[in-house]
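S.K.: Coordinates in entry_4.txt, compact mmCIF, C-alpha atoms and all ligand atoms, are listed below.
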```
# COMPACT_ATOMS: atom_id res chain seq x y z
CA MET A 1 -147.59 13.29 108.27
CA VAL A 2 -146.45 10.45 106.06
CA GLU A 3 -146.62 11.27 102.38
CA SER A 4 -148.16 8.23 100.76
CA GLY A 5 -147.60 9.48 97.21
CA ALA A 6 -149.28 7.52 94.49
CA GLY A 7 -147.79 4.12 95.20
CA PRO A 8 -149.70 1.03 94.23
CA SER A 9 -152.06 -0.49 96.71
CA SER A 10 -150.51 -3.95 96.65
CA LYS A 11 -152.87 -5.42 99.21
CA ARG A 12 -155.91 -4.30 97.31
CA PHE A 13 -154.61 -5.66 94.04
CA LYS A 14 -153.64 -8.99 95.54
CA MET A 15 -157.18 -9.32 96.73
CA ALA A 16 -158.42 -8.69 93.20
CA SER A 17 -156.20 -11.13 91.42
CA GLY A 18 -154.79 -13.57 93.91
CA GLY A 19 -157.99 -15.28 94.97
CA GLU A 20 -157.51 -14.41 98.64
CA GLY A 21 -160.97 -12.94 98.73
CA ALA A 22 -163.46 -10.99 96.71
CA THR A 23 -162.83 -7.49 95.45
CA HIS A 24 -165.40 -5.23 97.09
CA VAL A 25 -166.91 -2.88 94.52
CA GLY A 26 -169.07 -0.11 95.99
CA PHE A 27 -171.37 2.15 93.99
CA ILE A 28 -172.13 5.53 95.52
CA GLY A 29 -175.46 5.96 93.73
CA GLY A 30 -177.29 2.78 92.80
CA GLY A 31 -179.56 3.93 89.96
CA ASN A 32 -179.93 2.88 86.33
CA LEU A 33 -176.28 2.73 85.34
CA ALA A 34 -174.98 1.18 88.57
CA ARG A 35 -177.67 -1.50 88.28
CA ALA A 36 -176.76 -2.22 84.64
CA ILE A 37 -173.08 -2.69 85.56
CA THR A 38 -174.06 -4.82 88.55
CA GLU A 39 -176.27 -7.09 86.43
CA GLY A 40 -173.45 -7.62 83.94
CA LEU A 41 -170.90 -8.24 86.67
CA LEU A 42 -173.14 -10.77 88.40
CA GLN A 43 -173.56 -12.70 85.13
CA ALA A 44 -169.80 -12.62 84.47
CA ASP A 45 -168.97 -13.59 88.01
CA ASP A 46 -171.59 -16.28 88.47
CA LYS A 47 -169.19 -19.04 89.50
CA GLN A 48 -165.97 -17.39 90.64
CA LYS A 49 -167.48 -14.89 93.05
CA ARG A 50 -164.51 -12.57 92.59
CA PHE A 51 -166.60 -9.48 93.25
CA LYS A 52 -168.75 -8.48 96.19
CA ILE A 53 -170.99 -5.57 95.26
CA HIS A 54 -172.16 -2.80 97.57
CA ALA A 55 -174.27 0.28 96.83
CA SER A 56 -175.36 3.39 98.69
CA PHE A 57 -178.44 5.49 97.95
CA ALA A 58 -180.00 8.80 98.95
CA THR A 59 -183.16 6.91 100.03
CA ASN A 60 -184.29 3.35 100.55
CA GLY A 61 -186.70 3.66 97.63
CA GLU A 62 -187.09 1.73 94.37
CA ASN A 63 -183.40 1.68 93.37
CA TYR A 64 -182.39 0.42 96.81
CA LYS A 65 -184.93 -2.39 96.65
CA LYS A 66 -183.96 -3.44 93.13
CA MET A 67 -180.28 -3.68 94.07
CA GLN A 68 -181.16 -5.52 97.28
CA THR A 69 -183.06 -8.07 95.19
CA LEU A 70 -179.88 -8.62 93.14
CA GLY A 71 -178.02 -9.55 96.34
CA VAL A 72 -176.11 -6.27 96.61
CA ALA A 73 -175.13 -5.03 100.10
CA VAL A 74 -177.25 -1.86 100.29
CA THR A 75 -176.99 1.17 102.56
CA THR A 76 -178.04 4.79 102.78
CA ASN A 77 -174.75 5.70 104.47
CA ASN A 78 -171.82 6.44 102.16
CA LYS A 79 -169.46 5.76 105.04
CA ASP A 80 -170.30 2.04 104.78
CA ILE A 81 -168.92 2.07 101.24
CA VAL A 82 -165.75 3.90 102.26
CA LEU A 83 -165.08 1.45 105.08
CA SER A 84 -165.72 -1.70 103.09
CA CYS A 85 -164.79 -1.25 99.44
CA ASP A 86 -161.62 -1.60 97.35
CA VAL A 87 -163.19 0.24 94.42
CA ILE A 88 -165.62 3.15 94.86
CA VAL A 89 -167.71 3.89 91.77
CA LEU A 90 -169.15 7.41 91.76
CA SER A 91 -172.48 6.90 90.04
CA VAL A 92 -174.57 9.84 91.15
CA LYS A 93 -175.83 12.61 88.87
CA PRO A 94 -173.17 15.15 87.82
CA HIS A 95 -174.35 17.91 90.18
CA GLN A 96 -174.11 15.46 93.10
CA VAL A 97 -170.51 14.33 92.50
CA LEU A 98 -168.57 17.21 94.07
CA PRO A 99 -170.76 17.33 97.22
CA VAL A 100 -170.38 13.53 97.57
CA LEU A 101 -166.59 13.85 97.24
CA GLU A 102 -166.62 16.55 99.94
CA GLU A 103 -168.55 14.09 102.13
CA LEU A 104 -165.99 11.34 101.41
CA ARG A 105 -163.14 13.63 102.36
CA LYS A 106 -164.81 14.32 105.71
CA ILE A 107 -165.43 10.60 106.25
CA TYR A 108 -161.71 9.93 105.78
CA GLN A 109 -160.71 12.77 108.06
CA ASP A 110 -163.01 11.44 110.80
CA ILE A 111 -161.80 7.85 110.62
CA ASP A 112 -159.91 7.00 113.75
CA GLU A 113 -158.07 3.90 114.66
CA ASN A 114 -161.05 2.40 116.48
CA GLN A 115 -163.03 2.30 113.24
CA LEU A 116 -160.26 0.33 111.60
CA LEU A 117 -160.88 -2.46 114.03
CA VAL A 118 -163.47 -5.17 113.61
CA GLY A 119 -163.78 -7.36 116.71
CA GLY A 120 -160.42 -6.05 117.89
CA ALA A 121 -158.66 -7.01 114.64
CA PRO A 122 -157.62 -4.55 111.94
CA LEU A 123 -160.19 -4.00 109.22
CA PRO A 124 -159.19 -6.31 106.35
CA ARG A 125 -159.82 -3.63 103.75
CA ASN A 126 -157.31 -1.24 102.31
CA LEU A 127 -158.35 2.32 103.04
CA ARG A 128 -156.95 3.66 99.82
CA PRO A 129 -159.59 2.64 97.31
CA LEU A 130 -159.59 3.19 93.58
CA ILE A 131 -162.10 5.91 92.71
CA VAL A 132 -163.92 5.24 89.44
CA SER A 133 -166.20 8.00 88.18
CA VAL A 134 -168.92 7.14 85.68
CA ALA A 135 -170.44 10.61 86.02
CA THR A 136 -171.05 12.70 82.95
CA SER A 137 -169.14 16.00 82.71
CA ILE A 138 -167.00 15.78 85.85
CA THR A 139 -163.31 15.99 84.96
CA ILE A 140 -160.41 14.09 86.47
CA LYS A 141 -158.98 17.42 87.66
CA GLN A 142 -162.20 18.20 89.54
CA ILE A 143 -162.17 14.77 91.19
CA GLU A 144 -158.47 14.81 92.02
CA GLU A 145 -158.84 18.23 93.66
CA LYS A 146 -161.33 16.66 96.05
CA THR A 147 -159.50 13.40 96.63
CA GLU A 148 -156.30 14.66 98.15
CA ILE A 149 -157.12 13.41 101.59
CA SER A 150 -155.61 12.59 104.89
CA TRP A 151 -156.40 9.41 106.76
CA LYS A 152 -155.00 7.24 109.49
CA MET A 153 -153.36 3.94 108.76
CA GLY A 154 -152.27 2.17 111.90
CA ARG A 155 -150.29 4.72 113.88
CA ALA A 156 -149.38 6.81 110.85
CA ASP A 157 -151.17 9.87 109.56
CA MET A 158 -151.29 9.53 105.80
CA LEU A 159 -151.70 12.25 103.20
CA GLY A 160 -152.09 11.58 99.54
CA HIS A 161 -154.25 11.43 96.48
CA LEU A 162 -156.60 8.57 95.90
CA PRO A 163 -156.19 7.02 92.44
CA VAL A 164 -158.92 8.09 90.02
CA ILE A 165 -160.18 6.68 86.73
CA ARG A 166 -162.88 8.55 84.80
CA CYS A 167 -164.99 6.46 82.49
CA LEU A 168 -168.18 6.50 80.48
CA PRO A 169 -170.00 3.16 80.36
CA THR A 170 -173.37 2.38 78.78
CA VAL A 171 -176.46 0.61 80.08
CA ALA A 172 -175.65 -2.28 77.71
CA SER A 173 -173.24 -3.37 80.47
CA SER A 174 -176.30 -5.19 81.82
CA VAL A 175 -176.02 -7.71 78.98
CA ARG A 176 -172.20 -7.63 78.96
CA ALA A 177 -172.21 -5.72 75.69
CA GLY A 178 -171.40 -2.32 77.16
CA VAL A 179 -168.91 0.11 75.71
CA THR A 180 -166.77 1.80 78.35
CA VAL A 181 -164.33 4.51 77.38
CA TYR A 182 -161.93 5.62 80.10
CA THR A 183 -159.04 7.86 81.05
CA SER A 184 -156.72 7.20 83.98
CA GLY A 185 -155.93 9.99 86.38
CA HIS A 186 -152.51 11.23 87.43
CA PHE A 187 -152.30 9.06 90.54
CA SER A 188 -153.60 5.75 89.26
CA THR A 189 -151.06 3.00 88.79
CA GLU A 190 -150.81 0.05 86.45
CA ASN A 191 -152.40 -2.10 89.14
CA ASP A 192 -155.30 0.35 89.44
CA ASN A 193 -155.82 0.16 85.68
CA LYS A 194 -155.75 -3.65 85.81
CA LEU A 195 -158.31 -3.67 88.57
CA PHE A 196 -160.53 -1.28 86.60
CA LEU A 197 -160.24 -3.41 83.45
CA ASP A 198 -160.93 -6.57 85.43
CA ILE A 199 -164.32 -5.09 86.29
CA PHE A 200 -165.26 -3.30 83.08
CA ASN A 201 -163.95 -5.92 80.63
CA SER A 202 -166.35 -8.31 82.39
CA VAL A 203 -169.30 -6.24 81.21
CA GLY A 204 -168.28 -5.46 77.64
CA PHE A 205 -165.72 -3.62 75.53
CA THR A 206 -163.31 -1.04 76.98
CA GLN A 207 -161.30 1.64 75.22
CA ASP A 208 -158.66 3.95 76.67
CA VAL A 209 -159.26 7.46 75.26
CA PRO A 210 -157.84 10.97 75.85
CA GLU A 211 -160.05 12.76 78.37
CA GLN A 212 -160.84 15.55 75.90
CA TYR A 213 -163.02 13.08 73.96
CA ILE A 214 -165.16 11.94 76.88
CA ASP A 215 -167.85 14.65 76.56
CA GLY A 216 -168.23 13.59 72.93
CA PHE A 217 -168.37 9.91 73.84
CA THR A 218 -171.01 10.69 76.46
CA ALA A 219 -173.38 11.71 73.70
CA PHE A 220 -171.99 9.41 71.04
CA THR A 221 -172.08 6.13 72.94
CA GLY A 222 -173.70 6.76 76.36
CA SER A 223 -176.67 8.58 74.86
CA GLY A 224 -176.08 6.73 71.58
CA VAL A 225 -177.82 3.68 73.02
CA ALA A 226 -180.97 5.81 73.37
CA PHE A 227 -180.50 7.35 69.90
CA MET A 228 -180.22 3.90 68.32
CA GLY A 229 -183.22 2.82 70.40
CA LEU A 230 -185.25 5.61 68.78
CA VAL A 231 -184.15 4.56 65.29
CA MET A 232 -185.02 0.95 66.12
CA GLU A 233 -188.43 2.00 67.39
CA ALA A 234 -189.04 3.99 64.20
CA LEU A 235 -188.06 0.95 62.10
CA ALA A 236 -190.52 -1.19 64.08
CA ASP A 237 -193.23 1.49 63.67
CA GLY A 238 -192.56 1.40 59.94
CA GLY A 239 -193.15 -2.35 60.03
CA VAL A 240 -196.44 -1.84 61.86
CA LEU A 241 -197.38 0.88 59.33
CA VAL A 242 -197.16 -1.66 56.52
CA GLY A 243 -199.19 -4.24 58.46
CA ILE A 244 -196.68 -6.33 60.43
CA PRO A 245 -197.95 -7.20 63.94
CA ARG A 246 -196.35 -5.10 66.72
CA GLY A 247 -194.61 -7.91 68.63
CA MET A 248 -193.08 -9.31 65.46
CA ALA A 249 -192.04 -5.83 64.25
CA ASP A 250 -190.32 -4.95 67.57
CA LYS A 251 -188.39 -8.23 67.61
CA ILE A 252 -187.29 -8.15 63.98
CA ALA A 253 -186.28 -4.47 64.23
CA ALA A 254 -183.88 -5.43 67.06
CA TYR A 255 -182.43 -8.33 65.06
CA THR A 256 -182.04 -6.06 62.03
CA MET A 257 -180.04 -3.56 64.13
CA MET A 258 -177.93 -6.33 65.63
CA SER A 259 -177.22 -7.96 62.27
CA THR A 260 -176.17 -4.63 60.73
CA ALA A 261 -173.72 -4.05 63.59
CA LYS A 262 -172.38 -7.61 63.31
CA ILE A 263 -171.55 -7.17 59.62
CA VAL A 264 -169.50 -4.08 60.51
CA ILE A 265 -167.81 -5.62 63.55
CA GLU A 266 -167.21 -9.16 62.28
CA ARG A 267 -166.74 -8.55 58.54
CA GLY A 268 -165.12 -5.13 58.78
CA MET A 269 -167.55 -3.69 56.21
CA LYS A 270 -168.14 0.06 56.29
CA PRO A 271 -171.77 1.16 56.75
CA HIS A 272 -171.82 2.77 53.28
CA GLU A 273 -170.63 -0.55 51.78
CA ILE A 274 -173.57 -2.32 53.41
CA ARG A 275 -175.89 0.30 51.94
CA THR A 276 -174.43 -0.14 48.47
CA SER A 277 -174.68 -3.92 48.65
CA VAL A 278 -178.34 -3.76 49.70
CA ALA A 279 -179.63 -0.98 47.43
CA SER A 280 -180.27 -2.36 43.96
CA PRO A 281 -180.88 0.12 41.10
CA GLY A 282 -184.46 1.35 41.16
CA GLY A 283 -185.21 -1.01 44.07
CA THR A 284 -186.98 -0.71 47.40
CA THR A 285 -183.93 0.35 49.42
CA ILE A 286 -182.86 3.32 47.30
CA HIS A 287 -186.43 4.60 47.25
CA GLY A 288 -186.57 4.30 51.04
CA LEU A 289 -183.15 5.93 51.48
CA LYS A 290 -184.31 8.92 49.40
CA VAL A 291 -187.15 9.44 51.89
CA MET A 292 -184.70 9.21 54.83
CA GLU A 293 -182.33 11.73 53.25
CA ASP A 294 -185.22 14.10 52.44
CA ALA A 295 -186.33 13.84 56.09
CA GLY A 296 -182.82 14.70 57.31
CA VAL A 297 -182.30 11.53 59.35
CA ARG A 298 -178.51 11.69 58.93
CA GLY A 299 -178.32 15.34 60.00
CA GLY A 300 -180.72 14.63 62.84
CA VAL A 301 -178.55 11.89 64.32
CA MET A 302 -175.37 13.94 63.85
CA GLY A 303 -177.09 16.92 65.48
CA ALA A 304 -178.17 14.77 68.43
CA VAL A 305 -174.55 13.78 69.11
CA GLN A 306 -173.44 17.40 68.77
CA ARG A 307 -176.16 18.74 71.06
CA GLY A 308 -175.55 15.98 73.62
CA THR A 309 -171.85 16.85 73.67
CA GLU A 310 -172.63 20.55 74.23
CA ARG A 311 -175.00 19.53 77.02
CA ALA A 312 -172.25 17.47 78.70
CA LYS A 313 -170.15 20.65 78.81
CA GLU A 314 -173.08 22.73 80.13
CA LEU A 315 -173.65 20.21 82.93
CA ARG A 316 -170.08 20.58 84.20
CA PRO A 317 -170.28 22.36 87.57
CA PRO A 318 -167.68 25.00 88.45
CA SER A 319 -164.91 23.48 90.60
N1 LIG B 1 -177.88 6.05 82.64
C1 LIG B 1 -176.94 5.97 81.69
O1 LIG B 1 -177.13 5.37 80.62
C2 LIG B 1 -175.60 6.60 81.90
C3 LIG B 1 -175.34 7.41 83.01
N2 LIG B 1 -174.11 7.98 83.18
C4 LIG B 1 -173.84 8.79 84.36
O2 LIG B 1 -173.94 7.95 85.51
C5 LIG B 1 -174.39 8.69 86.65
C6 LIG B 1 -175.62 7.98 87.24
O3 LIG B 1 -176.65 8.00 86.27
P1 LIG B 1 -177.99 7.15 86.46
O4 LIG B 1 -177.66 5.82 87.04
O5 LIG B 1 -178.69 7.22 85.18
O6 LIG B 1 -178.74 8.04 87.57
P2 LIG B 1 -179.96 7.64 88.52
O7 LIG B 1 -180.70 8.89 88.79
O8 LIG B 1 -180.68 6.46 87.98
O9 LIG B 1 -179.23 7.17 89.89
C7 LIG B 1 -178.62 8.08 90.77
C8 LIG B 1 -178.43 7.38 92.09
O10 LIG B 1 -177.73 8.25 92.98
C9 LIG B 1 -178.28 8.11 94.28
N3 LIG B 1 -177.89 9.26 95.08
C10 LIG B 1 -178.27 10.55 94.96
N4 LIG B 1 -177.62 11.31 95.88
C11 LIG B 1 -176.82 10.47 96.57
C12 LIG B 1 -175.91 10.64 97.66
N5 LIG B 1 -175.69 11.85 98.19
N6 LIG B 1 -175.27 9.56 98.14
C13 LIG B 1 -175.49 8.34 97.60
N7 LIG B 1 -176.32 8.11 96.57
C14 LIG B 1 -176.99 9.17 96.07
C15 LIG B 1 -179.76 7.98 94.01
O11 LIG B 1 -180.40 7.45 95.16
P3 LIG B 1 -181.98 7.10 95.19
O12 LIG B 1 -182.10 5.80 94.44
O13 LIG B 1 -182.29 6.98 96.62
O14 LIG B 1 -182.67 8.23 94.49
C16 LIG B 1 -179.74 7.02 92.82
O15 LIG B 1 -179.66 5.68 93.26
C17 LIG B 1 -174.71 10.09 86.13
O16 LIG B 1 -173.65 10.96 86.44
C18 LIG B 1 -174.85 9.90 84.63
O17 LIG B 1 -174.51 11.06 83.93
C19 LIG B 1 -173.07 7.72 82.32
C20 LIG B 1 -173.26 6.91 81.23
C21 LIG B 1 -174.53 6.32 80.91
O1 LIG B 2 -178.47 11.34 79.71
C1 LIG B 2 -177.55 11.36 80.50
O2 LIG B 2 -177.30 12.38 81.13
C2 LIG B 2 -176.66 10.16 80.68
C3 LIG B 2 -175.29 10.40 80.13
C4 LIG B 2 -175.07 9.37 79.06
C5 LIG B 2 -176.27 8.61 79.06
N1 LIG B 2 -177.13 9.04 79.94
```
Translate this structure into structure tokens?

M.R.:
Amino acid sequence: MVESGAGPSSKRFKMASGGEGATHVGFIGGGNLARAITEGLLQADDKQKRFKIHASFATNGENYKKMQTLGVAVTTNNKDIVLSCDVIVLSVKPHQVLPVLEELRKIYQDIDENQLLVGGAPLPRNLRPLIVSVATSITIKQIEEKTEISWKMGRADMLGHLPVIRCLPTVASSVRAGVTVYTSGHFSTENDNKLFLDIFNSVGFTQDVPEQYIDGFTAFTGSGVAFMGLVMEALADGGVLVGIPRGMADKIAAYTMMSTAKIVIERGMKPHEIRTSVASPGGTTIHGLKVMEDAGVRGGVMGAVQRGTERAKELRPPS
């Protein structure tokens, strides 16, 4: 056995940055989140074609067809992803991650030299992909326990850990406005991190965070998109309640949300400063805010983040 250790995969990284060919990104699980990331990546990569996207599915149902329409190489066999991708994105539901990793381990163990040959020539892919997990609740430790694998490289038997990065993106990746928090595993190198950032910076904002915060971020930002969607919907409903036509109310509610966020991001104003600047004494805003406080909107949103975080912990399967 040759101990491969955690050395950088120089061939894979050269392919990502040196323009020798596309980086092959394979989603295991091609549902809502994988599709959002794919849509963002395709927009970012319109001209350069730096990425070739693959996805595998449990069935050839709706998700499969939608990804196929986007030009993704689709399959129902996870082995196709293992054999062809530089980056494998685990994007199945949390309870499916550990069984999928078990399957991957078996795929590696079964690879023999013949499968590394395409038309008699060695497969041009590096068989030591970067594993990126977008799955809620599954820890780096749980993934790394399942990704110490053995595989054959040429005549050598290799044993080592695959590099792992755990992250938590949002569906806003589809419009390249996603927020992706991430933690690198023990075996990922600087090159692995660069490759990861090359992909996820293309679809929005990234932030390196300690892993202990990821369950919180799952609810805070991953689910947060849905929480803010509910607030936006309620704002639009309020508009309709006072007689504004539905289409106009929906559109202006979205712009109102966006403009509030832009003041914070671009001007550095704190949300309470915005409130103070808008609420004139005895005016419409302070009367409306009183109703919101009486209804417990603030506590409701805080409670949603807290409950979502607890749920992320409950969903963690035993190793
Ligand atoms: N949606 C979101 O906003 C976010 C989701 N996440 C996390 O991302 C992960 C994916 O979520 P989401 O996209 O919403 O889930 P979906 O249910 O939309 O997609 C899951 C996908 O996994 C496929 N699948 C199931 N079993 C297998 C298998 N054994 N091999 C290959 N593919 C399989 C399904 O195939 P088929 O299409 O045939 O059913 C489906 O395409 C989850 O862990 C979730 O917690 C994280 C942040 C945000
Ligand atoms: O609801 C869920 O489970 C996932 C995690 C974050 C957003 N959606």

S.K.: Mind dumping a table of every chain A residue within 8 Å of ligand LIG 1 (chain B), with the nearest atom pair and its distance in Å to one decimal, using only C-alpha atoms and all ligand atoms, sorted by chain and rising number, as JSON lines?

M.R.:
```
{"residue": "A:Ile28", "atom": "CA", "partner": "B:LIG1", "partner_atom": "C13", "distance": 4.8}
{"residue": "A:Gly29", "atom": "CA", "partner": "B:LIG1", "partner_atom": "O10", "distance": 3.3}
{"residue": "A:Gly30", "atom": "CA", "partner": "B:LIG1", "partner_atom": "O15", "distance": 3.8}
{"residue": "A:Gly31", "atom": "CA", "partner": "B:LIG1", "partner_atom": "O9", "distance": 3.3}
{"residue": "A:Asn32", "atom": "CA", "partner": "B:LIG1", "partner_atom": "O4", "distance": 3.8}
{"residue": "A:Leu33", "atom": "CA", "partner": "B:LIG1", "partner_atom": "O4", "distance": 3.8}
{"residue": "A:Ala34", "atom": "CA", "partner": "B:LIG1", "partner_atom": "O4", "distance": 5.6}
{"residue": "A:Arg35", "atom": "CA", "partner": "B:LIG1", "partner_atom": "O4", "distance": 7.4}
{"residue": "A:Ser56", "atom": "CA", "partner": "B:LIG1", "partner_atom": "C13", "distance": 5.1}
{"residue": "A:Phe57", "atom": "CA", "partner": "B:LIG1", "partner_atom": "N7", "distance": 3.6}
{"residue": "A:Ala58", "atom": "CA", "partner": "B:LIG1", "partner_atom": "O13", "distance": 3.7}
{"residue": "A:Thr59", "atom": "CA", "partner": "B:LIG1", "partner_atom": "O13", "distance": 3.5}
{"residue": "A:Asn60", "atom": "CA", "partner": "B:LIG1", "partner_atom": "O13", "distance": 5.7}
{"residue": "A:Gly61", "atom": "CA", "partner": "B:LIG1", "partner_atom": "O13", "distance": 5.6}
{"residue": "A:Glu62", "atom": "CA", "partner": "B:LIG1", "partner_atom": "O12", "distance": 6.4}
{"residue": "A:Asn63", "atom": "CA", "partner": "B:LIG1", "partner_atom": "O12", "distance": 4.5}
{"residue": "A:Tyr64", "atom": "CA", "partner": "B:LIG1", "partner_atom": "O12", "distance": 5.9}
{"residue": "A:Thr76", "atom": "CA", "partner": "B:LIG1", "partner_atom": "C13", "distance": 6.8}
{"residue": "A:Asn77", "atom": "CA", "partner": "B:LIG1", "partner_atom": "C13", "distance": 7.4}
{"residue": "A:Asn78", "atom": "CA", "partner": "B:LIG1", "partner_atom": "N6", "distance": 6.1}
{"residue": "A:Leu90", "atom": "CA", "partner": "B:LIG1", "partner_atom": "C5", "distance": 7.4}
{"residue": "A:Ser91", "atom": "CA", "partner": "B:LIG1", "partner_atom": "C5", "distance": 4.3}
{"residue": "A:Val92", "atom": "CA", "partner": "B:LIG1", "partner_atom": "O10", "distance": 4.0}
{"residue": "A:Lys93", "atom": "CA", "partner": "B:LIG1", "partner_atom": "O16", "distance": 3.7}
{"residue": "A:Pro94", "atom": "CA", "partner": "B:LIG1", "partner_atom": "O16", "distance": 4.4}
{"residue": "A:His95", "atom": "CA", "partner": "B:LIG1", "partner_atom": "O16", "distance": 7.9}
{"residue": "A:Gln96", "atom": "CA", "partner": "B:LIG1", "partner_atom": "N4", "distance": 6.1}
{"residue": "A:Val97", "atom": "CA", "partner": "B:LIG1", "partner_atom": "O16", "distance": 7.6}
{"residue": "A:Pro99", "atom": "CA", "partner": "B:LIG1", "partner_atom": "N5", "distance": 7.4}
{"residue": "A:Val100", "atom": "CA", "partner": "B:LIG1", "partner_atom": "N5", "distance": 5.6}
{"residue": "A:Val134", "atom": "CA", "partner": "B:LIG1", "partner_atom": "O2", "distance": 5.1}
{"residue": "A:Ala135", "atom": "CA", "partner": "B:LIG1", "partner_atom": "O16", "distance": 3.3}
{"residue": "A:Thr136", "atom": "CA", "partner": "B:LIG1", "partner_atom": "O17", "distance": 4.0}
{"residue": "A:Ser137", "atom": "CA", "partner": "B:LIG1", "partner_atom": "O17", "distance": 7.4}
{"residue": "A:Leu168", "atom": "CA", "partner": "B:LIG1", "partner_atom": "C20", "distance": 5.2}
{"residue": "A:Pro169", "atom": "CA", "partner": "B:LIG1", "partner_atom": "C20", "distance": 5.0}
{"residue": "A:Thr170", "atom": "CA", "partner": "B:LIG1", "partner_atom": "C21", "distance": 4.6}
{"residue": "A:Val171", "atom": "CA", "partner": "B:LIG1", "partner_atom": "O1", "distance": 4.8}
{"residue": "A:Thr218", "atom": "CA", "partner": "B:LIG1", "partner_atom": "C20", "distance": 6.5}
{"residue": "A:Gly222", "atom": "CA", "partner": "B:LIG1", "partner_atom": "C21", "distance": 4.6}
{"residue": "A:Ser223", "atom": "CA", "partner": "B:LIG1", "partner_atom": "O1", "distance": 6.6}
{"residue": "A:Val225", "atom": "CA", "partner": "B:LIG1", "partner_atom": "O1", "distance": 7.8}
```

S.K.: Skipping near chain neighbours, those fewer than 2 positions away, what residues fall within 6 Å of segment 229-238 of chain A using only C-alpha atoms, listed as a ChimeraX atom specification?

M.R.: /A:226-227,240-241,249-250,253

S.K.: Would you list the contacts of Asn193 of chain A as a list in words, taking every protein, DNA or RNA residue within 12 Å and counting only C-alpha atoms, but skipping same-chain residues closer than 6 positions in sequence?

M.R.: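 In the requested format, the answer is Pro8, Ser9, Phe13, Ala16, Val87, Leu130, Ile131, Val132, Pro163, Val164, Ile165, Arg166, Cys167, Tyr182, Thr183, Ser184, Gly185, His186, Phe187, Ile199, Phe200, Asn201, Thr206, Gln207 and Asp208 of chain A.
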
S.K.: Would you please work out which residue, of A:Val25, A:Val181, A:Val301, A:Met269, is nearest to ligand LIG 2 (chain B) when using all atoms listed in the file?

M.R.: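 Closest candidate: A:Val181.
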
S.K.: Give me the box for ligand LIG 2 (chain B) as JSON, namely the centre and edge lengths in Å to one decimal of a box along x, y and z that holds every listed atom plus 4 Å on each side.

M.R.:
```
{"center_x": -176.8, "center_y": 10.5, "center_z": 80.1, "size_x": 11.4, "size_y": 11.8, "size_z": 10.1}
```

S.K.: Restricting the calculation to only C-alpha atoms and all ligand atoms: of A:Lys270, A:Lys313, A:Lys262, A:Lys65, which residue gets closest to ligand LIG 2 (chain B)?

M.R.: A:Lys313

S.K.: Just the number, please: distance in Å from atom CA of Thr69 of chain A to atom CA of Asp46 of chain A, one decimal.

M.R.: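 Computing the Euclidean distance for atom CA of Thr69 of chain A and atom CA of Asp46 of chain A yields 15.6 Å.
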
S.K.: Give me the residues within 7 Å of Ile37 of chain A as a list of chain:residue names, counting all atoms listed in the file and dropping any in the same chain fewer than 6 places off.

M.R.: A:Ser173, A:Ser174, A:Val203

S.K.: For those residues, write C-alpha atoms to a file as a short mmCIF file (atom, residue, chain, number, x, y, z; two decimals), keeping the file's coordinate frame.

M.R.:
```cif
data_model
loop_
_atom_site.label_atom_id
_atom_site.label_comp_id
_atom_site.auth_asym_id
_atom_site.auth_seq_id
_atom_site.Cartn_x
_atom_site.Cartn_y
_atom_site.Cartn_z
CA SER A 173 -173.24 -3.37 80.47
CA SER A 174 -176.30 -5.19 81.82
CA VAL A 203 -169.30 -6.24 81.21
#
```

S.K.: Select, from A:Glu102, A:Glu310, A:Asp198, A:Glu144, the residue with the minimum atom-to-atom distance to ligand LIG 2 (chain B), counting all atoms listed in the file.

M.R.: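 The answer is A:Glu310, which sits nearest to ligand LIG 2 (chain B).
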
S.K.: With N, CA and C atoms as the target, complete segment 306-314 of chain A and hand it back as a PDB file, keeping the file's coordinate frame.

M.R.:
```pdb
ATOM      1  N   GLN A 306    -174.041  16.079  68.528  1.00  0.00           N
ATOM      2  CA  GLN A 306    -173.440  17.400  68.770  1.00  0.00           C
ATOM      3  C   GLN A 306    -174.100  18.107  69.948  1.00  0.00           C
ATOM      4  N   ARG A 307    -175.430  18.065  69.972  1.00  0.00           N
ATOM      5  CA  ARG A 307    -176.160  18.740  71.060  1.00  0.00           C
ATOM      6  C   ARG A 307    -175.893  18.056  72.407  1.00  0.00           C
ATOM      7  N   GLY A 308    -175.842  16.716  72.386  1.00  0.00           N
ATOM      8  CA  GLY A 308    -175.550  15.980  73.620  1.00  0.00           C
ATOM      9  C   GLY A 308    -174.166  16.327  74.162  1.00  0.00           C
ATOM     10  N   THR A 309    -173.224  16.511  73.254  1.00  0.00           N
ATOM     11  CA  THR A 309    -171.850  16.850  73.670  1.00  0.00           C
ATOM     12  C   THR A 309    -171.826  18.253  74.299  1.00  0.00           C
ATOM     13  N   GLU A 310    -172.553  19.185  73.653  1.00  0.00           N
ATOM     14  CA  GLU A 310    -172.630  20.550  74.230  1.00  0.00           C
ATOM     15  C   GLU A 310    -173.254  20.484  75.628  1.00  0.00           C
ATOM     16  N   ARG A 311    -174.278  19.635  75.735  1.00  0.00           N
ATOM     17  CA  ARG A 311    -175.000  19.530  77.020  1.00  0.00           C
ATOM     18  C   ARG A 311    -174.072  18.982  78.117  1.00  0.00           C
ATOM     19  N   ALA A 312    -173.208  18.023  77.720  1.00  0.00           N
ATOM     20  CA  ALA A 312    -172.250  17.470  78.700  1.00  0.00           C
ATOM     21  C   ALA A 312    -171.359  18.591  79.235  1.00  0.00           C
ATOM     22  N   LYS A 313    -170.996  19.514  78.362  1.00  0.00           N
ATOM     23  CA  LYS A 313    -170.150  20.650  78.810  1.00  0.00           C
ATOM     24  C   LYS A 313    -170.959  21.595  79.705  1.00  0.00           C
ATOM     25  N   GLU A 314    -172.236  21.824  79.311  1.00  0.00           N
ATOM     26  CA  GLU A 314    -173.080  22.730  80.130  1.00  0.00           C
ATOM     27  C   GLU A 314    -173.303  22.169  81.534  1.00  0.00           C
TER      28      GLU A 314
END
```
